[in-house]
Structures are given as structure tokens and as C-alpha cells.
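So the structure is just underneath, and the comments pick up after that.
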Amino acid sequence: MRAFRERNPVPIGLIGIGVLAVVLLIGMNAGSIPFLGGGGDTYSAAFSEAAGLKPGEEVRIAGVKVGTVKTVDLEGDHVRVDFRVDSGVTFGAQSRAEIKIKTILGQHYLAVVPHGRGQQDPDHEIPLGRTTAPFDVVPAFSKLTRQTEKIDTKQLARAFDTMSSTFKDSPPEVRASLRGLSRLSRTVASRDDDLRELVRHTSRVSGVLADHTREFSKLIDDGGKLLGEIRKRRAVIHSLLVNTVIFANEVNGLIKDNKAQLKPALDHLNSVISVLNKNEGNLDSALKLLGPFIRQLTDATSSGRWLDDYVQNLLPLPFSVGPGPNSEGLVPHLSTSGKNQDDQDKTLGGILPGGGS
């Protein structure tokens with residue numbers, strides 16, 4: 001068998017490229033492969049309008065996600081929506097399809113309402129008579145903004161004034177109604193800019209909310225997960241609260257039963273705390289000085305079962321130690337400076353080894 005280095009790299013490279021292409025193809029179409037959790041049948045439905053439905057949004061039956069929307073296309077005088085339903089999901093041949101609003105921010109989903117016997121045929125489109133589309137709020141606000149901007153409020157006010165003057169000889173009830181309409185028109189005219197700005201801001205707010213629909217949806221989903229986890233831990237939390245109440249009652253009973261003994265102890269404890277507070281500075285100084293002392297003590301006792309230390313300035317300086325006993329048997333001595341040299345020699349000579357008078 002030849003070694004890998006001796007083989008022709010061209011076929012190996014082509015085989016590797018082919019394998020990568022197959023893996024990429026499988027990854028891009030994983031949703032359509034049955035053994036990867038995909039598959040299912042594709043159905044279609046006719047709607048009078050798309051109502052903002054987009055490919056990739058959910059398909060639900062009884063509130064449970066069973067598939068996704070594949071395409072939304074215009075077909076003649078209606079909109080054709082193709083959607084995939086997971087394998088094993090059944091719904092009757094007279095089922096309805098409805099586009100519903102998932103959130104107030106503009107997300108939708110396709111709801112299939114099962115009805116009838118048997119199973120809906122994938123080759124037969126659900127007709128317009130069995131589909132409904134919702135009313136979208138965001139386009140309505142946008143259209144309201146455009147229409148209100150076209151209104152000439154000043155001309156409308158003049159029209160109401162003219163109508164009021166024309167019907168001035170009418171009965172009092174009619175004149176009062178017209179005067180009210182005139183005042184209303186003048187009020188609307190005076191507030192025209194404010195109302196227009198309010199509607200414009202409303203449209204902008206709805207647009208911003210629609211742009212951040214994914215963030216809001218994730219926030220709502222996370223909140224749902226949090227509430228679900230709290231619900232799962234409800235028994236544990238309830239037990240914790242009950243045991244906390246029991247513990248608090250036991251502590252209260254213990255305090256009541258030992259109140260006579262606890263009060264003097266607490267009084268003495270307050271006295272001790274007061275003394276400690278008064279001597280806080282002394283305690284700090286003692287702790288600071290204790291450190292060097294412990295360090296020196298450790299150094300003196302770390303060499304063995306003895307104390308390793310020294311005492312300085314025991315003898316006056318300067319001094320010199322004389323030589324040991326010579327051949328004539330003279331006593332060694334310390335040589336120091338001072339006028340009592342002879343006395344010091346006699347005294348020190350008596351305590352040194354081999355010393356004499």
C-alpha cells in the first residue's frame with residue numbers, strides 16, 4: 001500500500017471538494033430532509049391580501065407550531081401562500097387558513113383551523129372562501145398621516161363659518177349646533193400643527209417598534225421562560241417560605257423564653273463593645289507592634305529547640321581581647337581606653353577563661 005504522500009493529490013482534492021459541496025447542500029436544505037427533522041407536505045392557500053405575512057414565519061394549528069411559510073406570491077387577483085406542514089400533522093379537507101397578528105409590532109403567523117373529514121389534499125389550494133386576512137395597524141397609521149396632511153384646515157374652518165352664518169335664522173337648536181361646529185373647526189385649525197406632529201410621531205413610533213420586533217419578541221420569550229422556571233420551582237419556593245416562617249416563629253419563641261437571660265447578656269455585650277470602641281486606637285497600635293514581635297520571635301525559635309538571640313552593648317567599647325596564656329603563664333586581658341585601665345584588666349581577667357588575678 002502506497003504512502004499518502006506518494007498518491008496523486010488531484011483526485012484527492014476533487015473528492016474533497018465534492019464532499020464539501022454535498023455537506024453544504026445538505027446544510028442549506030436541512031429543513032427538507034426527513035431524517036433531519038424536516039420533510040412534511042407543502043400546501044397552498046389563496047388570500048385577498050398578504051397582510052404583511054412573510055416567508056419563514058410560523059404555521060400554527062391550535063396555537064402549536066407545525067410548520068413554516070415558504071413563499072408569498074401574487075397570483076392573478078389574489079395572493080398565493082405556500083406553506084410546509086411537518087410530517088404526521090393532519091387537518092380536514094374543509095380546513096380554513098387565517099393570517100393572524102402574532103405581536104402588535106408587526107409579526108404574523110398562518111393559522112390553520114382544522115375542519116371536515118379526511119386530509120387536505122396538497123395539490124388543491126385552499127380557496128378564498130376559506131381564508132381571512134387581518135387588518136394591519138401600521139399601514140393604517142401611515143395612511144392616516146398622509147391623509148391628514150392633505151386637509152386644508154383653514155378652508156375647513158371658513159366653510160364651517162359660512163355654514164353658521166347661512167343658518168343664522170334657523171331655530172336656536174340648529175344655530176347652537178352650528179356654532180359648536182364652528183368652534184370645533186377653529187380649535188382644530190389652531191391645533192393643526194400639533195395634531196399633525198402627533199400623528200407623525202405616532203407613525204415613527206410604530207415604525208421603530210416594527211424595526212425592533214425581534215428584540216421585543218426575544219424579551220417576551222425570555223420572560224416566558226423565566227416565568228416557566230419559576231412555576232417549576234413553585235413547590236421549592238413555597239417550601240422555602242413556609243420553613244422561613246416556621247424558623248422565624250421558633251426564633252421568636254426562643255427569644256421570649258430566654259428574655260430574662262438574654263437581656264443581661266446583651267447589656268454586658270453593649271458594655272464590652274463600648275470599651276472596645278473607646279480603646280480602638282490602642283488595639284490598632286497593639287496589633288501593629290505585635291507583628292514585628294512575632295516576626296522576631298519566629299526568627300529566634302526557628303533554628304531548633306533553643307532560642308537564637310543576642311544582646312548588644314553589654315560591654316563598653318572599644319576594647320580588645322589580649323592573647324591567651326603565654327609561655328610565662330601571664331593572664332590574658334582586655335585592652336580598653338580610659339584612666340582605670342589597670343582595674344578593668346584585673347576585673348575582666350578574672351571572668352575570662354584561664355583568668356587570674
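To be explicit about the labels: the chains of the C-alpha cells are called A, B, and onward in the order shown, and within each one the residues are counted from 1, while ligands get numbers from 1 in the order they are shown.
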Between stretch 214-263 of chain A and stretch 86-104 of chain A, at 12 Å or less, what are the per-residue closest atom pairs and their distances in Å? Count only C-alpha atoms, order by chain and rising residue number, and return it as a Markdown table.
```
| residue | atom | partner | partner_atom | distance |
| --- | --- | --- | --- | --- |
| A:Arg214 | CA | A:Thr103 | CA | 10.3 |
| A:Glu215 | CA | A:Thr103 | CA | 12.0 |
| A:Phe216 | CA | A:Thr103 | CA | 9.2 |
| A:Ser217 | CA | A:Thr103 | CA | 8.0 |
| A:Lys218 | CA | A:Thr103 | CA | 11.8 |
| A:Ile220 | CA | A:Thr103 | CA | 10.2 |
| A:Asp221 | CA | A:Thr103 | CA | 11.9 |
```
Can I get the selected residues back with N, CA and C atoms, as a compact mmCIF listing (two decimals), in the first residue's frame?
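Output (selection_21.txt):
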```
# COMPACT_ATOMS: atom_id res chain seq x y z
N ARG A 214 -37.90 41.89 16.69
CA ARG A 214 -37.17 40.69 17.12
C ARG A 214 -36.71 40.83 18.57
N GLU A 215 -36.20 42.04 18.92
CA GLU A 215 -35.75 42.24 20.29
C GLU A 215 -36.90 42.11 21.28
N PHE A 216 -38.07 42.71 20.93
CA PHE A 216 -39.22 42.61 21.82
C PHE A 216 -39.71 41.16 21.92
N SER A 217 -39.67 40.46 20.79
CA SER A 217 -40.11 39.06 20.82
C SER A 217 -39.19 38.23 21.69
N LYS A 218 -37.86 38.47 21.58
CA LYS A 218 -36.91 37.73 22.42
C LYS A 218 -37.12 38.07 23.89
N ILE A 220 -39.94 38.97 25.30
CA ILE A 220 -41.16 38.29 25.74
C ILE A 220 -40.91 36.80 25.93
N ASP A 221 -40.14 36.19 24.99
CA ASP A 221 -39.83 34.77 25.12
C ASP A 221 -39.00 34.49 26.38
```
message: I want to know what sits within 9 Å of A:Val69, based on only C-alpha atoms, with residues of the same chain fewer than 2 positions away left out; could you give that as a list of chain:residue names?
response: A:Leu53, A:Lys54, A:Pro55, A:Gly56, A:Glu57, A:Glu58, A:Val59, A:Gly67, A:Thr71, A:Val72, A:Val81, A:Asp82, A:Phe83, A:Arg84, A:Val85, A:Tyr109, A:Leu110
